[in-house]
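Read through the structure below, which is laid out as structure tokens, and then see the notes.
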Amino acid sequence: MRRLSTTVIATAILSFATSLLLMDPAQAAPPGPSGYHVVKTIPIGGAGKWDYCVVDSAARRVYVSHGTHVVVLDADSGAVVGDIPNTAGVHGIALAPDLGRGFTSNGRANTVTVFDLKTLKPISTVKSGGLNPDAIYYDAGSKRVFAFNGRSGNAIAINAADGKAAGTIPVGGKPEFAVGDDQGHVYVNIEDKSQLIEIDAQKLSVLHRWPLAGCKEPSGLAIDQKNRRLFSVCGNKKMMVVNADTGKVVATPAIGEDPDAAGFDPDTQLVFSSNGESGDLTVIHQDSADKYTVVENVPTKKYARTMAIDFKTHNIFLPIADFESAIPKGEDEPPMKPNTFGVLLVGK
């Protein structure tokens, strides 16, 4: 066997290492399994359906909407540590930790409840300026809370520090979930128009209205603030990845059926879609700002279609319940079984 000189071997190793450094990230090996799985079910019980939930990773609390109130869990133990009552038809929860305040959108009451983050006690109630406030978002840049009225096609801006209304904004359709860059720009899916809009949080005006061609009824929305990418989940089993500056759709990874929430974890570069009808959680790896690889669909539970990420532990919380088998005429889903409400903890 012919022996290679050490110089030849060293040169080959250097050449290989250089080629790895110069390799386009898009050509790198695809990521392996995420490791995510259902760790446990956190029982809560009680009556009433749910919508969104949110995690306060610093304060270690999970806020879960539940019909007429918000259940507050310890993010580490899963124990119920508090409750925010009198939030009829509550959809979403927004947190302003820099001001020590939280906000709920109360769909049936057409109000926003302002509460103290430490005591969970209500501070005030603000009229929503429309019908069925649903999505709600706190923009740290303007220090304003935006509640989006699903049935009247408008939004109210509330000064978070004093709870006073700053004005309303027509959004031109049925708004769904909202996110922002915390620099004065708020983004909202317009479900019935398959659009994504950008709002100026200071001027209270719509800056851009971008079409989401090929996206049926966009609902959940997440953001990568660093790379300025938006993630809209669509009813036709796809996710639209959108440049937050230009509105250009840069990728359309496949997801599960009937999604209602999206999430992005900047530490792991994973994007998530919670899919109610298929009963799974789509995990997508961000290979680069404009390239995405579907890693897997983690089994969860049917109708588990909303979620929240704990950015400290990277765990994911998904509200759930058991349902009857038959769907009544005129309804989209069967009735909930009594006292089966809870939260799935999905982790590694």
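Each chain in the structure tokens gets a letter, A, B and so on, in the order shown; residues start at 1 in every chain, and ligands are counted from 1 in the order they appear.
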
Residues flagged strand (DSSP E) by DSSP in segment 91-320 of chain A, as a PyMOL selection string: chain A and resi 91-96+101-106+111-116+122-127+133-139+144-149+154-159+164-170+175-180+185-190+195-200+205-211+221-224+229-234+238-243+249-251+259-265+270-275+280-288+291-299+308-309+316-320

Residues within 6 Å of Glu198 of chain A, only C-alpha atoms, excluding chain neighbours under 3 positions, as a list of chain:residue names: A:Val186, A:Tyr187, A:Val206, A:Leu207, A:His208

Filtering to N, CA and C atoms, could you give me those residues as a PDB file, in the first residue's frame?
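The resulting file, selection-v3.pdb, is shown below:
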ATOM      1  N   VAL A 186     -46.735  46.439  14.509  1.00  0.00           N
ATOM      2  CA  VAL A 186     -47.591  45.324  14.885  1.00  0.00           C
ATOM      3  C   VAL A 186     -48.133  44.676  13.612  1.00  0.00           C
ATOM      4  N   TYR A 187     -48.105  43.347  13.593  1.00  0.00           N
ATOM      5  CA  TYR A 187     -48.522  42.591  12.409  1.00  0.00           C
ATOM      6  C   TYR A 187     -49.731  41.720  12.761  1.00  0.00           C
ATOM      7  N   VAL A 206     -52.549  51.752   9.193  1.00  0.00           N
ATOM      8  CA  VAL A 206     -52.063  50.569   8.486  1.00  0.00           C
ATOM      9  C   VAL A 206     -50.981  51.001   7.506  1.00  0.00           C
ATOM     10  N   LEU A 207     -49.765  50.479   7.706  1.00  0.00           N
ATOM     11  CA  LEU A 207     -48.643  50.826   6.843  1.00  0.00           C
ATOM     12  C   LEU A 207     -48.626  49.993   5.566  1.00  0.00           C
ATOM     13  N   HIS A 208     -48.872  48.695   5.707  1.00  0.00           N
ATOM     14  CA  HIS A 208     -48.822  47.796   4.556  1.00  0.00           C
ATOM     15  C   HIS A 208     -49.941  46.767   4.659  1.00  0.00           C
TER      16      HIS A 208
END

Contacts of Asp245 of chain A within 10 Å, only C-alpha atoms, excl. fewer than 3 positions in-chain, as a list in words: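 The neighbour list is Glu198, His208, Arg228, Arg229, Leu230, Val242 and Lys248 of chain A.
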
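Going from atom CA of Lys143 of chain A to atom CA of Leu204 of chain A covers 12.8 Å.
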
Do you have, as CSV, the list of residues of segment 271-295 of chain A lying at most 10 Å from segment 231-237 of chain A, each with its nearest atom pair and that distance in Å to one decimal, counting only C-alpha atoms and ordered by chain then number?
residue,atom,partner,partner_atom,distance
A:Val271,CA,A:Phe231,CA,8.1
A:Phe272,CA,A:Phe231,CA,9.2
A:Ser273,CA,A:Val233,CA,7.0
A:Ser274,CA,A:Val233,CA,9.2
A:Asn275,CA,A:Lys237,CA,8.9

Nearest residue to Gly100 of chain A from the set A:Phe146, A:Asn243, A:Ala161, A:Gly173 (distances using only C-alpha atoms): A:Ala161

Who sits within 9 Å of Gly247 of chain A, only C-alpha atoms, same chain under 5 positions skipped, as an NGL selection string: :A and (196-197 or 208-212 or 242)

Residue with smallest distance to His314 of chain A - pool A:Ser194, A:Gly89, A:Ser57, A:Thr41, counting only C-alpha atoms: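 Using only C-alpha atoms, the shortest distance to His314 of chain A belongs to A:Ser57.
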
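Every protein or nucleic acid residue with an atom no more than 12 Å from Asp267 of chain A, counting only C-alpha atoms and leaving out same-chain residues fewer than 4 positions away, appears here: A:Asp224, A:Lys226, A:Val271, A:His285, A:Gln286, A:Ile309, A:Asp310, A:Phe311, A:Lys312, A:Thr313, A:His314.
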
Emit the selected residues as an mmCIF file, in the first residue's frame, including C-alpha atoms.
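Resulting contents of again08.cif:
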data_model
loop_
_atom_site.group_PDB
_atom_site.id
_atom_site.type_symbol
_atom_site.label_atom_id
_atom_site.label_comp_id
_atom_site.auth_asym_id
_atom_site.auth_seq_id
_atom_site.Cartn_x
_atom_site.Cartn_y
_atom_site.Cartn_z
ATOM 1 C CA ASP A 224 -38.534 36.054 14.390
ATOM 2 C CA LYS A 226 -33.901 39.212 14.718
ATOM 3 C CA VAL A 271 -40.823 27.062 14.310
ATOM 4 C CA HIS A 285 -36.150 23.989 11.557
ATOM 5 C CA GLN A 286 -35.013 27.415 10.403
ATOM 6 C CA ILE A 309 -43.648 28.412 24.284
ATOM 7 C CA ASP A 310 -41.668 28.711 27.506
ATOM 8 C CA PHE A 311 -38.495 30.374 26.233
ATOM 9 C CA LYS A 312 -36.542 29.400 29.356
ATOM 10 C CA THR A 313 -37.115 25.646 29.263
ATOM 11 C CA HIS A 314 -38.240 25.412 25.592
#

Point-to-point distance from atom CA of Pro334 of chain A to atom CA of Lys49 of chain A, Å rounded to tenths: 11.6 Å

Point-to-point distance from atom CA of Lys118 of chain A to atom CA of Val145 of chain A, Å rounded to tenths: 18.7 Å
